[in-house]
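A.B. asks: Encoded as structure tokens, here's the structure I'll be asking about.
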Amino acid sequence: LCVSAQASTHESDMRPHALRGEVLYTAGRWREAIEAYSPLLQASAAAATPPPLTTFLHLASAYQQLGKPQYALDVYLQACVQQPCASVWLGVGKARMELGETAAAEAALSKAVALDPESPVGWGHLATVALKLGRVQEAGAALSTALRFGLRDVGTLQHLARGFSAAGSVADVRVCLEAVVAIPGSAVTTRIALAELLMNEHDVAAARLHLEAAARAAATDEEVAAVHALVPRLIDLQMQLRTC
């Protein structure tokens with residue numbers, strides 16, 4: 001009974017820290033959230049009572065938002081001891097990617113997708129890792145899997161597009177850009193880049209559709225100028241196709 005009472009008192013003492021940390025994290029006040037969450041891990045370690053998984057995930061994410069992947073990794077690894085689930089291994093993989101530990105990141109991400117085979121973010125990160133390791137075909141396969149399961153993270157897709165471009169895989173760049181422009185609110189510049197790529201591939205009909213869409217959505221002088229710069233080339237391509 002004494003042990004139970006002590007545990008109950010410990011939990012009640014920690015609840016204000018947990019609630020404050022959650023509020024600050026939701027508000028994007030990363031440093032203050034870290035200050036609120038950190039005592040939870042310290043006190044829980046002393047009492048052998050692990051905090052909720054969300055505490056680990058929010059604390060690690062706050063460190064990542066502040067550009068401190070090593071601190072984030074340390075927290076994720078603590079979470080692995082308590083609950084080695086897919087979201088934790090995904091965090092480990094992302095932190096190791098940020099630290100440049102590509103092989104270790106791949107191992108962690110592989111564990112994440114083994115536990116959650118339909119994780120679009122996990123497969124997206126695996127595509128990124130495969131590109132860094134020079135395995136372009138494998139990266140393309142991982143990208144296809146990520147998209148099949150609903151990957152809609154613009155940052156990840158744009159990063160992959162740049163990676164595939166550097167690797168010379170135009171088809172995969174197109175897949176990435178088409179996925180980005182399908183997301184509501186995507187940047188006009190992405191649609192312009194896709195139109196230009198399609199012109200390079202002589203897919204004039206698709207290029208025209210995306211260029212027209214970019215023209216309708218253009219909101220700045222720079223965007224309007226970028227659209228207008230491609231119009232003469234599109235007209236030339238149309239003329240060439242008609243004479244063939």
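Every chain in the structure tokens has a letter given in the order shown (A, B, ...), and although residue numbers restart at 1 in each chain, ligands are simply numbered from 1 in the order shown.
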Might you pull out every residue within 9 Å of stretch 136-151 of chain A, with only C-alpha atoms counted and same-chain residues fewer than 6 positions away left off, and present them as a count of residues only?
C.D. replies: 22
A.B. asks: I'd like the contact shell of stretch 225-237 of chain A - 9 Å cut-off, only C-alpha atoms, skipping same-chain residues fewer than 6 positions apart - returned as a ChimeraX atom specification.
C.D. replies: /A:189,192,195-196,199,202,204,207-208,211-212,214-215,218
A.B. asks: Now that the selection is made, can you save its residues with all heavy atoms as a compact mmCIF listing (two decimals), in the first residue's frame?
C.D. replies:
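Result file follows (again.txt):
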```txt
# COMPACT_ATOMS: atom_id res chain seq x y z
N THR A 189 5.68 27.99 -57.78
CA THR A 189 6.99 27.70 -58.37
C THR A 189 7.17 26.21 -58.64
O THR A 189 7.85 25.82 -59.60
CB THR A 189 8.11 28.18 -57.42
OG1 THR A 189 7.87 27.65 -56.11
CG2 THR A 189 8.15 29.70 -57.35
N ILE A 192 5.41 25.49 -61.87
CA ILE A 192 6.22 26.02 -62.97
C ILE A 192 7.38 25.07 -63.27
O ILE A 192 7.68 24.77 -64.43
CB ILE A 192 6.74 27.43 -62.64
CG1 ILE A 192 5.58 28.41 -62.55
CG2 ILE A 192 7.76 27.90 -63.67
CD1 ILE A 192 5.97 29.78 -62.00
N ALA A 195 6.03 22.11 -65.11
CA ALA A 195 5.75 22.45 -66.51
C ALA A 195 7.03 22.45 -67.34
O ALA A 195 7.07 21.94 -68.47
CB ALA A 195 5.07 23.82 -66.59
N GLU A 196 8.10 23.00 -66.76
CA GLU A 196 9.38 23.04 -67.49
C GLU A 196 9.92 21.63 -67.71
O GLU A 196 10.44 21.31 -68.79
CB GLU A 196 10.38 23.89 -66.71
CG GLU A 196 11.68 24.13 -67.46
CD GLU A 196 12.56 25.16 -66.79
OE1 GLU A 196 12.30 25.51 -65.63
OE2 GLU A 196 13.53 25.61 -67.44
N MET A 199 8.05 20.01 -70.47
CA MET A 199 8.49 20.51 -71.78
C MET A 199 9.79 19.84 -72.20
O MET A 199 9.98 19.52 -73.37
CB MET A 199 8.63 22.04 -71.74
CG MET A 199 7.30 22.77 -71.83
SD MET A 199 7.50 24.55 -72.09
CE MET A 199 7.77 25.09 -70.41
N HIS A 202 8.98 16.79 -73.70
CA HIS A 202 8.11 16.96 -74.87
C HIS A 202 6.68 16.49 -74.62
O HIS A 202 5.97 16.10 -75.56
CB HIS A 202 8.69 16.24 -76.11
CG HIS A 202 9.96 16.87 -76.60
ND1 HIS A 202 11.20 16.49 -76.13
CD2 HIS A 202 10.18 17.86 -77.49
CE1 HIS A 202 12.14 17.22 -76.72
NE2 HIS A 202 11.55 18.07 -77.56
N VAL A 204 3.85 18.11 -74.19
CA VAL A 204 3.35 19.47 -74.35
C VAL A 204 1.97 19.65 -73.72
O VAL A 204 1.70 20.67 -73.08
CB VAL A 204 3.31 19.86 -75.84
CG1 VAL A 204 2.68 21.24 -76.03
CG2 VAL A 204 4.72 19.85 -76.41
N ALA A 207 2.33 19.86 -69.99
CA ALA A 207 3.04 21.10 -69.67
C ALA A 207 2.11 22.30 -69.76
O ALA A 207 2.13 23.19 -68.90
CB ALA A 207 4.23 21.28 -70.60
N ARG A 208 1.29 22.32 -70.80
CA ARG A 208 0.36 23.44 -70.97
C ARG A 208 -0.64 23.51 -69.82
O ARG A 208 -0.93 24.61 -69.32
CB ARG A 208 -0.38 23.29 -72.30
CG ARG A 208 -1.39 24.41 -72.56
CD ARG A 208 -2.01 24.30 -73.93
NE ARG A 208 -2.99 25.36 -74.12
CZ ARG A 208 -3.62 25.58 -75.26
NH1 ARG A 208 -3.37 24.82 -76.32
NH2 ARG A 208 -4.50 26.56 -75.35
N LEU A 211 1.17 24.89 -66.79
CA LEU A 211 1.55 26.29 -66.96
C LEU A 211 0.33 27.19 -66.87
O LEU A 211 0.39 28.28 -66.27
CB LEU A 211 2.26 26.48 -68.30
CG LEU A 211 3.12 27.75 -68.44
CD1 LEU A 211 4.21 27.77 -67.37
CD2 LEU A 211 3.74 27.82 -69.83
N GLU A 212 -0.78 26.75 -67.42
CA GLU A 212 -2.02 27.52 -67.30
C GLU A 212 -2.48 27.61 -65.84
O GLU A 212 -2.93 28.66 -65.38
CB GLU A 212 -3.11 26.88 -68.16
CG GLU A 212 -2.89 27.07 -69.65
CD GLU A 212 -3.90 26.30 -70.49
OE1 GLU A 212 -4.60 25.43 -69.92
OE2 GLU A 212 -4.00 26.57 -71.70
N ALA A 214 -0.50 27.43 -63.26
CA ALA A 214 0.44 28.33 -62.59
C ALA A 214 0.10 29.78 -62.88
O ALA A 214 0.19 30.64 -61.98
CB ALA A 214 1.87 28.02 -63.05
N ALA A 215 -0.31 30.07 -64.11
CA ALA A 215 -0.68 31.44 -64.49
C ALA A 215 -1.89 31.92 -63.68
O ALA A 215 -1.94 33.07 -63.24
CB ALA A 215 -0.97 31.52 -65.99
N ALA A 218 -0.60 32.46 -60.00
CA ALA A 218 0.51 33.38 -59.76
C ALA A 218 0.03 34.63 -59.02
O ALA A 218 -0.93 35.28 -59.44
CB ALA A 218 1.17 33.75 -61.08
```
A.B. asks: Would you please work out which residue, of A:Val181, A:Val224, A:Ala219, A:Val170, is nearest to A:Leu198 when using only C-alpha atoms?
C.D. replies: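 Result for the nearest residue to A:Leu198: A:Val170.
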A.B. asks: As a list in words, please: the residues near A:Thr55 (cut-off 10 Å, only C-alpha atoms, same-chain neighbours under 5 positions excluded).
C.D. replies: Ala18, Leu19, Gly21, Glu22, Ile34, Tyr37, Ser38, Leu40, Leu41, Pro50, Ala60, Ser61, Val75 and Ala79 of chain A
A.B. asks: Just list the residues in stretch 179-242 of chain A DSSP gives helix (DSSP H, G or I) on the backbone, as a PyMOL selection string.
C.D. replies: chain A and resi 179-181+188-200+204-217+221-242
A.B. asks: Can you tell me how far atom CA of A:Glu32 sits from atom CA of A:Ala62, in Å to one decimal?
C.D. replies: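 Distance reported for this atom pair: 9.4 Å.
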A.B. asks: Select, from A:Thr220, A:Thr54, A:Gln42, A:Gln65, the residue with the minimum atom-to-atom distance to A:Cys85, counting only C-alpha atoms.
C.D. replies: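 Closest candidate: A:Thr54.
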A.B. asks: Using only C-alpha atoms, find the one residue out of A:Val113, A:Leu90, A:Leu59, A:Asp203 that sits nearest to A:Leu241.
C.D. replies: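 Answer, going by the shortest atom-to-atom distance: A:Asp203.
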A.B. asks: What is the distance between atom CA of A:Ala43 and atom CA of A:Ala27, in Å to one decimal?
C.D. replies: 24.4 Å
A.B. asks: Pick out the residues sitting within 8 Å of A:Leu194, and hand them over as a PDB file with N, CA and C atoms, in the first residue's frame; count only C-alpha atoms, and ignore anything fewer than 4 positions along from it in its own chain.
C.D. replies:
```pdb
ATOM      1  N   ARG A 174       9.598  13.815 -61.747  1.00  0.00           N
ATOM      2  CA  ARG A 174       8.228  14.099 -62.194  1.00  0.00           C
ATOM      3  C   ARG A 174       7.209  13.571 -61.196  1.00  0.00           C
ATOM      4  N   LEU A 177       7.151  15.910 -58.144  1.00  0.00           N
ATOM      5  CA  LEU A 177       6.532  17.206 -58.412  1.00  0.00           C
ATOM      6  C   LEU A 177       5.032  17.073 -58.639  1.00  0.00           C
ATOM      7  N   GLU A 178       4.607  16.022 -59.316  1.00  0.00           N
ATOM      8  CA  GLU A 178       3.177  15.801 -59.522  1.00  0.00           C
ATOM      9  C   GLU A 178       2.478  15.550 -58.196  1.00  0.00           C
ATOM     10  N   THR A 190       6.547  25.365 -57.813  1.00  0.00           N
ATOM     11  CA  THR A 190       6.634  23.917 -58.049  1.00  0.00           C
ATOM     12  C   THR A 190       5.901  23.537 -59.324  1.00  0.00           C
ATOM     13  N   LEU A 198       8.174  18.910 -67.931  1.00  0.00           N
ATOM     14  CA  LEU A 198       7.333  18.261 -68.933  1.00  0.00           C
ATOM     15  C   LEU A 198       7.677  18.742 -70.341  1.00  0.00           C
ATOM     16  N   ALA A 207       2.326  19.860 -69.995  1.00  0.00           N
ATOM     17  CA  ALA A 207       3.043  21.096 -69.668  1.00  0.00           C
ATOM     18  C   ALA A 207       2.108  22.296 -69.758  1.00  0.00           C
ATOM     19  N   HIS A 210      -0.289  22.530 -66.729  1.00  0.00           N
ATOM     20  CA  HIS A 210       0.339  23.011 -65.490  1.00  0.00           C
ATOM     21  C   HIS A 210       0.761  24.472 -65.612  1.00  0.00           C
TER      22      HIS A 210
END
```
A.B. asks: Excluding A:Met97 and its own-chain neighbours fewer than 3 positions away, which residues fall within 12 Å of it when counting only C-alpha atoms? Please give them as JSON, numbers by chain.
C.D. replies: {"A": [64, 69, 70, 72, 73, 90, 91, 92, 93, 94, 100, 101, 102, 103, 104, 105, 106, 107, 108, 109, 125, 126, 127, 128, 129, 130, 132, 133]}
